[in-house]
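Read the structure below first, then the notes.
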Amino acid sequence: MISPIVLFIDRISNSSGRSKEAVKGVVLSVVAKMIYIISSFLIVPLTIDYVNPTQYGIWLTMSSIISWITLFDLGLGNGFRNRFAEAKAEGNIDLAKCYLSTTYFSVAIIVLVVFLAIIVGNVFIDWSTILNVDPVYSEELGKVFVILSAFFCLNMVANLVSTMLMADQKAGLASMIQGGGQLLSLISVWILTLVSKGSLTNLALYFAGMPCLLAIVVSLFVYSSRKYQEIAPRFRYVKMSLIRDILGIGLQFFIIYLCMIFIFQIINIIISREIGPDAVTEYNIAYKYFALLYTIFIIILTPFWSAFTDAYNRNDYSWMTRTMKALEYMWIGFAIIGVLMLIFARYVYIVWVGTNVDISPKLSLFVYIYVMILNLGNLYMYLINGIGTVRIQLIIYLSFAIVSWPLMTLACRLWGVEGIVIVPTIVLVFQTVFGKVQLRKLLNKSAKGLWVK
């Protein structure tokens with residue numbers, strides 16, 4: 001399926017040099033994402049067998065909460081991505097390496113403060129009450145929280161190498177880091193099933209620790225290579241005056257991602273509190289299945305973020321217009337494939353995780369719709385993010401974040417697990433409609449006011 005996709009985009013993009021770089025990124029990303037997808041699918045039944053469906057639901061909910069830590073970079077990562085790409089497009093290598101070193105230094109200081117706060121705060125948190133689970137899990141969950149937090153904090157710094165590679169239009173190499181990390185997690189969980197009994201603590205140590213270790217090793221390798229040795233982060237390149245420049249757009253990314261994580265990641269928490277951890281497992285298995293469409297679609301989108309930054313700075317509007325249309329046609333193809341996945345969903349679930357988890361056809365339908373609108377919304381969001389005009393997104397996500405918790409709780413109580421998916425789907429519909437309008441205005445040069453901020 002991927003080869004026709006690559007050729008299709010390359011042809012419509014008129015085989016420009018920028019398109020070829022993006023397509024190379026897609027091809028390499030395919031290999032990495034296939035590793036990631038296969039590992040992600042295999043790791044689910046392994047993990048459920050290692051612990052049990054209830055503990056797996058607790059694990060997923062805890063992981064969702066920990067993922068909020070990534071917000072504490074205040075948008076520096078995404079702001080850096082755009083600024084670095086702009087500096088490279090202008091041929092200003094000195095500025096690019098100052099952006100890189102400043103971002104590393106700033107994120108490192110932030111995560112150190114955050115982790116110290118987590119250690120102190122964890123003493124006063126009763127996780128069994130927050131997640132509405134048996135108090136017997138409370139002590140272990142405290143340990144799991146600290147372990148996961150430590151690795152997430154380390155990974156925020158180590159994974160900046162992936163952000164740099166994506167900014168340099170090497171998204172394929174960045175994807176290899178993610179794919180390799182997931183493969184190492186799979187191997188680690190498989191070994192755990194052979195040598196130990198079910199333990200959330202062991203799961204946290206090895207599942208989260210191995211990808212972090214890989215990111216650190218890759219960082220050392222990349223910055224010692226001939227291509228990137230010149231820009232490798234060094235303290236003398238840190239320019240605190242650049243932080244405001246990075247945060248100019250980065251702070252808007254921060255608010256957007258803060259709202260997105262609040263809207264989308266609290267799903268597991270609400271399901272756990274209102275229905276129970278078993279329902280979290282049901283929802284996440286359905287989501288992982290249809291998220292195949294999301295994962296592959298992101299393979300295609302990711303290289304075009306920085307490619308759009310480059311094209312916009314060079315005023316190459318015709319290339320951007322052709323590429324947007326190509327991606328829209330691609331989305332239609334993914335929607336058709338999704339219908340086939342929906343038809344065979346029940347049989348796939350049985351082969352994949354057995355009969356221990358029962359997922360209703362209605363839940364599968366709602367998750368399919370949610371993922372497809374997520375893909376379309378991301379199509380416009382990624383391209384707009386590359387241009388750097390994100391104010392409309394900020395307003396939409398901020399508005400919905402304020403009311404998402406009570407709305408999701410009410411929907412969950414009225415319609416169960418299926419109902420909770422309705423709220424984020426509505427958010428994505430708004431983002432998609434406004435994103436399409438904004439991108440068209442930007443590409444035909446008619447955007448004014450909020451549309452260009």
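Scheme for the structure tokens: letters A, B, ... for chains in order shown; per-chain residue numbers from 1; ligand numbers from 1 in order shown.
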Contacts of A:Tyr294 at 10 Å (only C-alpha atoms; same-chain gap of 2+ positions) as a JSON list (two decimals) with C-alpha atoms, in the first residue's frame:
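So selection-v1.json came out as:
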```json
[["chain", "number", "residue", "atom", "x", "y", "z"],
["A", 287, "TYR", "CA", -8.16, 2.46, 19.47],
["A", 288, "LYS", "CA", -4.86, 0.64, 18.84],
["A", 289, "TYR", "CA", -6.50, -1.34, 16.05],
["A", 290, "PHE", "CA", -7.85, 1.66, 14.16],
["A", 291, "ALA", "CA", -4.82, 3.74, 15.09],
["A", 292, "LEU", "CA", -3.02, 1.74, 12.41],
["A", 296, "ILE", "CA", 0.57, 5.19, 8.69],
["A", 297, "PHE", "CA", -1.03, 8.53, 7.86],
["A", 298, "ILE", "CA", 1.39, 10.30, 10.21],
["A", 299, "ILE", "CA", 4.26, 8.60, 8.36],
["A", 334, "PHE", "CA", -7.49, 5.61, 4.12],
["A", 371, "VAL", "CA", -9.59, 8.20, 14.08],
["A", 372, "MET", "CA", -10.59, 9.21, 10.56],
["A", 373, "ILE", "CA", -11.52, 12.74, 11.65],
["A", 374, "LEU", "CA", -8.30, 12.83, 13.68],
["A", 375, "ASN", "CA", -6.37, 12.04, 10.49],
["A", 376, "LEU", "CA", -8.10, 14.75, 8.48],
["A", 378, "ASN", "CA", -3.95, 16.41, 11.50]]
```
Practice task
For A:Ser364, list every protein, DNA or RNA residue within 7 Å, evaluated using only C-alpha atoms, and leave out those in the same chain fewer than 4 positions away; present the list as number ranges by chain.
Solution key: A: 286, 342, 360, 368
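Shortest atom-to-atom contact with A:Cys98 among A:Met240, A:Leu383, A:Ala204, A:Ile147: A:Met240, counting only C-alpha atoms.
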Handout entry: Exercise: stretch 437-443 of chain A partners within 9 Å, only C-alpha atoms, chain neighbours under 2 positions left out, as an MDAnalysis selection string
Key = chainID A and resid 317:318 320:321 324 380:381 383:384 387 392 432:435 445:448 451:452
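Distances to A:Thr54 were evaluated for A:Leu141, A:Ala279, A:Val218, A:Ala311 using only C-alpha atoms, and the minimum falls at A:Ala279.
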Handout entry: Which of stretch 169-282 of chain A DSSP labels alpha helix (DSSP H), written as an MDAnalysis selection string
Key = chainID A and resid 171:195 200:203 209:224 243:274 277:282
Please identify all polymer residues within 10 Å of A:Ile118, counting only C-alpha atoms, omitting same-chain residues fewer than 6 positions from it, and present them as a short mmCIF file (atom, residue, chain, number, x, y, z; two decimals) with N, CA, C and O atoms, in the first residue's frame.
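Result file is result_22.cif:
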```cif
data_model
loop_
_atom_site.label_atom_id
_atom_site.label_comp_id
_atom_site.auth_asym_id
_atom_site.auth_seq_id
_atom_site.Cartn_x
_atom_site.Cartn_y
_atom_site.Cartn_z
N ILE A 69 3.66 15.09 31.33
CA ILE A 69 4.96 15.68 31.65
C ILE A 69 5.59 16.32 30.41
O ILE A 69 6.30 17.33 30.51
N LEU A 112 14.48 18.91 35.05
CA LEU A 112 15.09 18.70 36.35
C LEU A 112 14.18 19.25 37.46
O LEU A 112 13.92 18.58 38.46
N PHE A 145 4.78 5.52 39.27
CA PHE A 145 4.68 6.92 38.87
C PHE A 145 6.05 7.59 38.84
O PHE A 145 6.40 8.30 37.89
N VAL A 146 6.87 7.33 39.86
CA VAL A 146 8.21 7.93 39.92
C VAL A 146 9.10 7.38 38.82
O VAL A 146 9.82 8.12 38.14
N SER A 149 7.97 8.71 35.44
CA SER A 149 8.28 10.15 35.38
C SER A 149 9.75 10.36 35.08
O SER A 149 10.12 11.24 34.28
N ALA A 150 10.62 9.57 35.73
CA ALA A 150 12.06 9.70 35.51
C ALA A 150 12.42 9.46 34.05
O ALA A 150 13.17 10.23 33.43
#
```
Practice task
Could you check which of A:Ala171, A:Ile255, A:Leu340, A:Ala232 is closest to A:Leu220, using only C-alpha atoms?
Solution key: A:Ala232
Practice task
Write out as a PyMOL selection string which residues come within 8 Å of stretch 138-140 of chain A when counting only C-alpha atoms, dropping same-chain ones fewer than 3 positions away.
Solution key: chain A and resi 126-128+134-135+143-144+200-201
